[in-house]
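**Student:** Can you read through this structure? Questions will come right after.
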2 protein chains.
Amino acid sequence: MSEAEEPMRLVHLLRGLTVELDLFGAEFAARHGLHPTDLRALIHLLDAARAGEVVTPGRLGEALRLNSAGTTGLLDRLERLGLVRRERDPQDRRKVRLVVEERAIELGQGFFGGLIGDLVAAMGRFDPAELATARRFLLAMTEVVAAAREA
Amino acid sequence: MSEAEEPMRLVHLLRGLTVELDLFGAEFAARHGLHPTDLRALIHLLDAARAGEVVTPGRLGEALRLNSAGTTGLLDRLERLGLVRRERDPQDRRKVRLVVEERAIELGQGFFGGLIGDLVAAMGRFDPAELATARRFLLAMTEVVAAAREA
DNA sequence: AGCAAGTATCTCGCTGAGCGAGAGAATAAG
DNA sequence: CTTATTCTCTCGCTCAGCGAGATACTTGCT
């Protein structure tokens, strides 16, 4: 078996990496009394906050593939934990704005801070040309997966 | 902000890629009437089968972080779908051997076949030296995440 | 203006994945 | 041959997420 072994090994590496990242996230979530979905929601909210975007329950549910009932439940959970606050949008009072609390940002630091620091440090052992190659590679793979999702 | 922008961009790319892969898996699972956990189990079973390893409910549950009750439920589901069969181990009759059915292998082809083919094709646009760099990079990142999981 | 149609969120009742505790059934140790 | 250990399964429960529909607000039509 196997002329073109190397690409397959890369595919398995990619899969292994995503499994590790998922496990890391799940364990972090469990350690802080939240569910994987809660963590995904938090990441989404923090990203949006940093980008200065307003997130509503509808948008969040869409991003996480939850229906409105599930989204309401998720937000009730996050609000009870003091991670998010609901505020009526004064422009369009049907809408609700989701505001992340200080605690959520700290929690995000705990999750990212540690891991991201280590990842960046490990990247330090690659020269700029290599990092550029890695970047191209990741982009190419992401595009393939995203494209495969429409079918 | 930002001398060392590039590494952060890579971190986000990495995260984006895992999100895409997760979504792909979840959508594939839903389309075939199974849950994300079922798909994870199937992947584990197919990997083990290809490596010639015997998988028991205990081992599977450990790999997926399910307790014994949850594992029994998972296997009932997979068995009802005709993807897996339970066989008593004749050596140690407390154990159960999990045997993947033909249908599961076909399903695995459907999941991997398409996506893996596309990924490998996209890798064709990188020369061997670049693929080697990507490999080193993915390995380094995987090690960092795995190490972070002990803490 | 006033009323229909559309949009954003929430409530209610339910299904089912996964948990904790413990029951069997088989093997291993003394 | 009795006791401890190992592997799986059963029972009862909790709670995330779904479908259907209620509610509140906005927009467009006449």
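Going through the structure tokens in order, the chains are called A, B, and so on, while each chain numbers its residues from 1 and the ligands are numbered from 1 in the order shown.
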Among segment 44-132 of chain B, which ones does DSSP place in strand (DSSP E or B), written as an NGL selection string?

**Tutor:** :B and (84-88 or 96-100)

**Student:** If the cut-off is 6 Å, can you tell me the residues of chain B near chain A, counting only C-alpha atoms? I'd like them as a CSV table (one decimal) with N, CA and C atoms, in the first residue's frame.

**Tutor:**
chain,number,residue,atom,x,y,z
B,7,PRO,N,1.4,35.3,14.3
B,7,PRO,CA,1.0,34.1,15.1
B,7,PRO,C,-0.5,34.1,15.5
B,17,LEU,N,-10.5,26.5,11.5
B,17,LEU,CA,-10.5,25.2,10.8
B,17,LEU,C,-11.2,24.1,11.6
B,18,THR,N,-10.9,24.1,12.9
B,18,THR,CA,-11.6,23.1,13.7
B,18,THR,C,-13.1,23.3,13.8
B,24,PHE,N,-18.9,20.3,9.8
B,24,PHE,CA,-19.0,19.3,8.7
B,24,PHE,C,-19.4,18.0,9.3
B,120,VAL,N,-6.7,16.0,0.0
B,120,VAL,CA,-5.5,15.5,-0.6
B,120,VAL,C,-5.2,16.2,-1.9
B,134,ALA,N,4.4,21.9,6.8
B,134,ALA,CA,3.0,21.9,7.4
B,134,ALA,C,2.9,20.7,8.4
B,142,THR,N,-0.2,20.2,17.8
B,142,THR,CA,-0.9,19.1,18.5
B,142,THR,C,-0.2,18.8,19.8
B,149,ARG,N,-3.5,19.9,28.0
B,149,ARG,CA,-4.6,19.1,28.6
B,149,ARG,C,-4.3,18.5,29.9

**Student:** With a distance threshold of 10 Å and counting only C-alpha atoms (C1' of nucleotides), extract the residues of chain B near chain D and express them as a PyMOL selection string.

**Tutor:** chain B and resi 56-58+68-69+71-73+92-96

**Student:** Restricted to N, CA and C atoms, what would the selected residues look like written as a short mmCIF file (atom, residue, chain, number, x, y, z; two decimals), in the first residue's frame?

**Tutor:**
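Listing of selection-v7.cif after writing:
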data_model
loop_
_atom_site.label_atom_id
_atom_site.label_comp_id
_atom_site.auth_asym_id
_atom_site.auth_seq_id
_atom_site.Cartn_x
_atom_site.Cartn_y
_atom_site.Cartn_z
N THR B 56 -13.70 -2.89 22.86
CA THR B 56 -14.78 -3.31 23.74
C THR B 56 -15.58 -2.08 24.15
N PRO B 57 -16.78 -2.25 24.68
CA PRO B 57 -17.54 -1.10 25.16
C PRO B 57 -16.74 -0.25 26.14
N GLY B 58 -16.02 -0.89 27.03
CA GLY B 58 -15.22 -0.15 28.00
C GLY B 58 -14.21 0.77 27.34
N SER B 68 -20.34 4.03 31.68
CA SER B 68 -20.78 2.76 31.10
C SER B 68 -22.23 2.81 30.64
N ALA B 69 -23.06 3.54 31.37
CA ALA B 69 -24.47 3.62 30.99
C ALA B 69 -24.61 4.33 29.65
N THR B 71 -22.37 4.56 27.38
CA THR B 71 -21.79 3.72 26.33
C THR B 71 -22.78 2.65 25.88
N THR B 72 -23.46 2.04 26.84
CA THR B 72 -24.47 1.03 26.49
C THR B 72 -25.53 1.66 25.59
N GLY B 73 -25.99 2.83 25.95
CA GLY B 73 -26.99 3.51 25.13
C GLY B 73 -26.49 3.78 23.73
N ASP B 92 -12.56 -14.30 27.23
CA ASP B 92 -12.99 -13.74 28.50
C ASP B 92 -14.44 -13.32 28.33
N ARG B 93 -15.33 -14.15 28.82
CA ARG B 93 -16.73 -13.96 28.46
C ARG B 93 -17.41 -12.81 29.18
N ARG B 94 -16.66 -12.05 29.97
CA ARG B 94 -17.24 -10.82 30.49
C ARG B 94 -17.21 -9.75 29.41
N LYS B 95 -16.22 -9.86 28.52
CA LYS B 95 -16.01 -8.83 27.50
C LYS B 95 -16.94 -8.99 26.30
N VAL B 96 -17.14 -7.85 25.64
CA VAL B 96 -17.91 -7.83 24.39
C VAL B 96 -17.00 -7.24 23.32
#

**Student:** Using only C-alpha atoms (C1' of nucleotides), select each residue of chain C with any atom at most 9 Å away from an atom of chain B, and give the selection as a JSON list (two decimals) with N, CA and C atoms (P, O5', C5', C4', C3', O3' and C1' of nucleotides), in the first residue's frame.

**Tutor:**
[["chain", "number", "residue", "atom", "x", "y", "z"],
["C", 17, "DA", "P", -30.70, 9.39, 21.89],
["C", 17, "DA", "O5'", -29.32, 10.01, 22.38],
["C", 17, "DA", "C5'", -28.99, 11.34, 22.04],
["C", 17, "DA", "C4'", -28.10, 11.95, 23.12],
["C", 17, "DA", "C3'", -26.96, 11.06, 23.60],
["C", 17, "DA", "O3'", -25.84, 11.88, 23.86],
["C", 17, "DA", "C1'", -28.38, 11.57, 25.42],
["C", 18, "DG", "P", -24.42, 11.23, 24.13],
["C", 18, "DG", "O5'", -24.34, 11.20, 25.72],
["C", 18, "DG", "C5'", -24.22, 12.42, 26.43],
["C", 18, "DG", "C4'", -24.41, 12.17, 27.92],
["C", 18, "DG", "C3'", -23.52, 11.08, 28.51],
["C", 18, "DG", "O3'", -22.69, 11.67, 29.51],
["C", 18, "DG", "C1'", -25.76, 10.87, 29.24],
["C", 19, "DC", "P", -21.80, 10.81, 30.50],
["C", 19, "DC", "O5'", -22.61, 10.92, 31.87],
["C", 19, "DC", "C5'", -22.90, 12.21, 32.43],
["C", 19, "DC", "C4'", -23.55, 12.06, 33.80],
["C", 19, "DC", "C3'", -22.81, 11.09, 34.71],
["C", 19, "DC", "O3'", -22.52, 11.69, 35.97],
["C", 19, "DC", "C1'", -25.10, 10.44, 34.49],
["C", 25, "DA", "P", -27.13, -13.18, 36.23],
["C", 25, "DA", "O5'", -25.66, -13.08, 35.60],
["C", 25, "DA", "C5'", -25.50, -12.78, 34.22],
["C", 25, "DA", "C4'", -24.03, -12.84, 33.89],
["C", 25, "DA", "C3'", -23.38, -14.19, 34.16],
["C", 25, "DA", "O3'", -22.55, -14.52, 33.06],
["C", 25, "DA", "C1'", -22.15, -12.49, 35.21],
["C", 26, "DA", "P", -22.04, -16.05, 32.87],
["C", 26, "DA", "O5'", -20.46, -15.89, 32.95],
["C", 26, "DA", "C5'", -19.81, -15.09, 31.98],
["C", 26, "DA", "C4'", -18.49, -14.64, 32.54],
["C", 26, "DA", "C3'", -17.54, -15.78, 32.90],
["C", 26, "DA", "O3'", -16.46, -15.77, 31.99],
["C", 26, "DA", "C1'", -17.56, -14.03, 34.54],
["C", 27, "DT", "P", -15.31, -16.90, 32.07],
["C", 27, "DT", "O5'", -14.17, -16.19, 32.93],
["C", 27, "DT", "C5'", -13.57, -15.00, 32.43],
["C", 27, "DT", "C4'", -12.70, -14.40, 33.50],
["C", 27, "DT", "C3'", -11.52, -15.28, 33.94],
["C", 27, "DT", "O3'", -10.34, -14.50, 33.77],
["C", 27, "DT", "C1'", -12.65, -14.39, 35.81]]

**Student:** Enumerate as an NGL selection string all residues of chain A assigned to alpha helix (DSSP H) by DSSP on the backbone, naming them with the chain letters and numbers the document uses.

**Tutor:** :A and (5-31 or 36-50 or 57-64 or 68-80 or 102-108 or 114-123 or 128-148)

**Student:** In Å, how far is it from atom CA of Leu75 of chain B to atom CA of Arg88 of chain B?

**Tutor:**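 Between atom CA of Leu75 of chain B and atom CA of Arg88 of chain B the gap is 14.1 Å.
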
**Student:** By how many Å are atom CA of Glu62 of chain A and atom CA of Ala30 of chain B apart?

**Tutor:**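 One can read the atom CA of Glu62 of chain A to atom CA of Ala30 of chain B distance as 16.2 Å.
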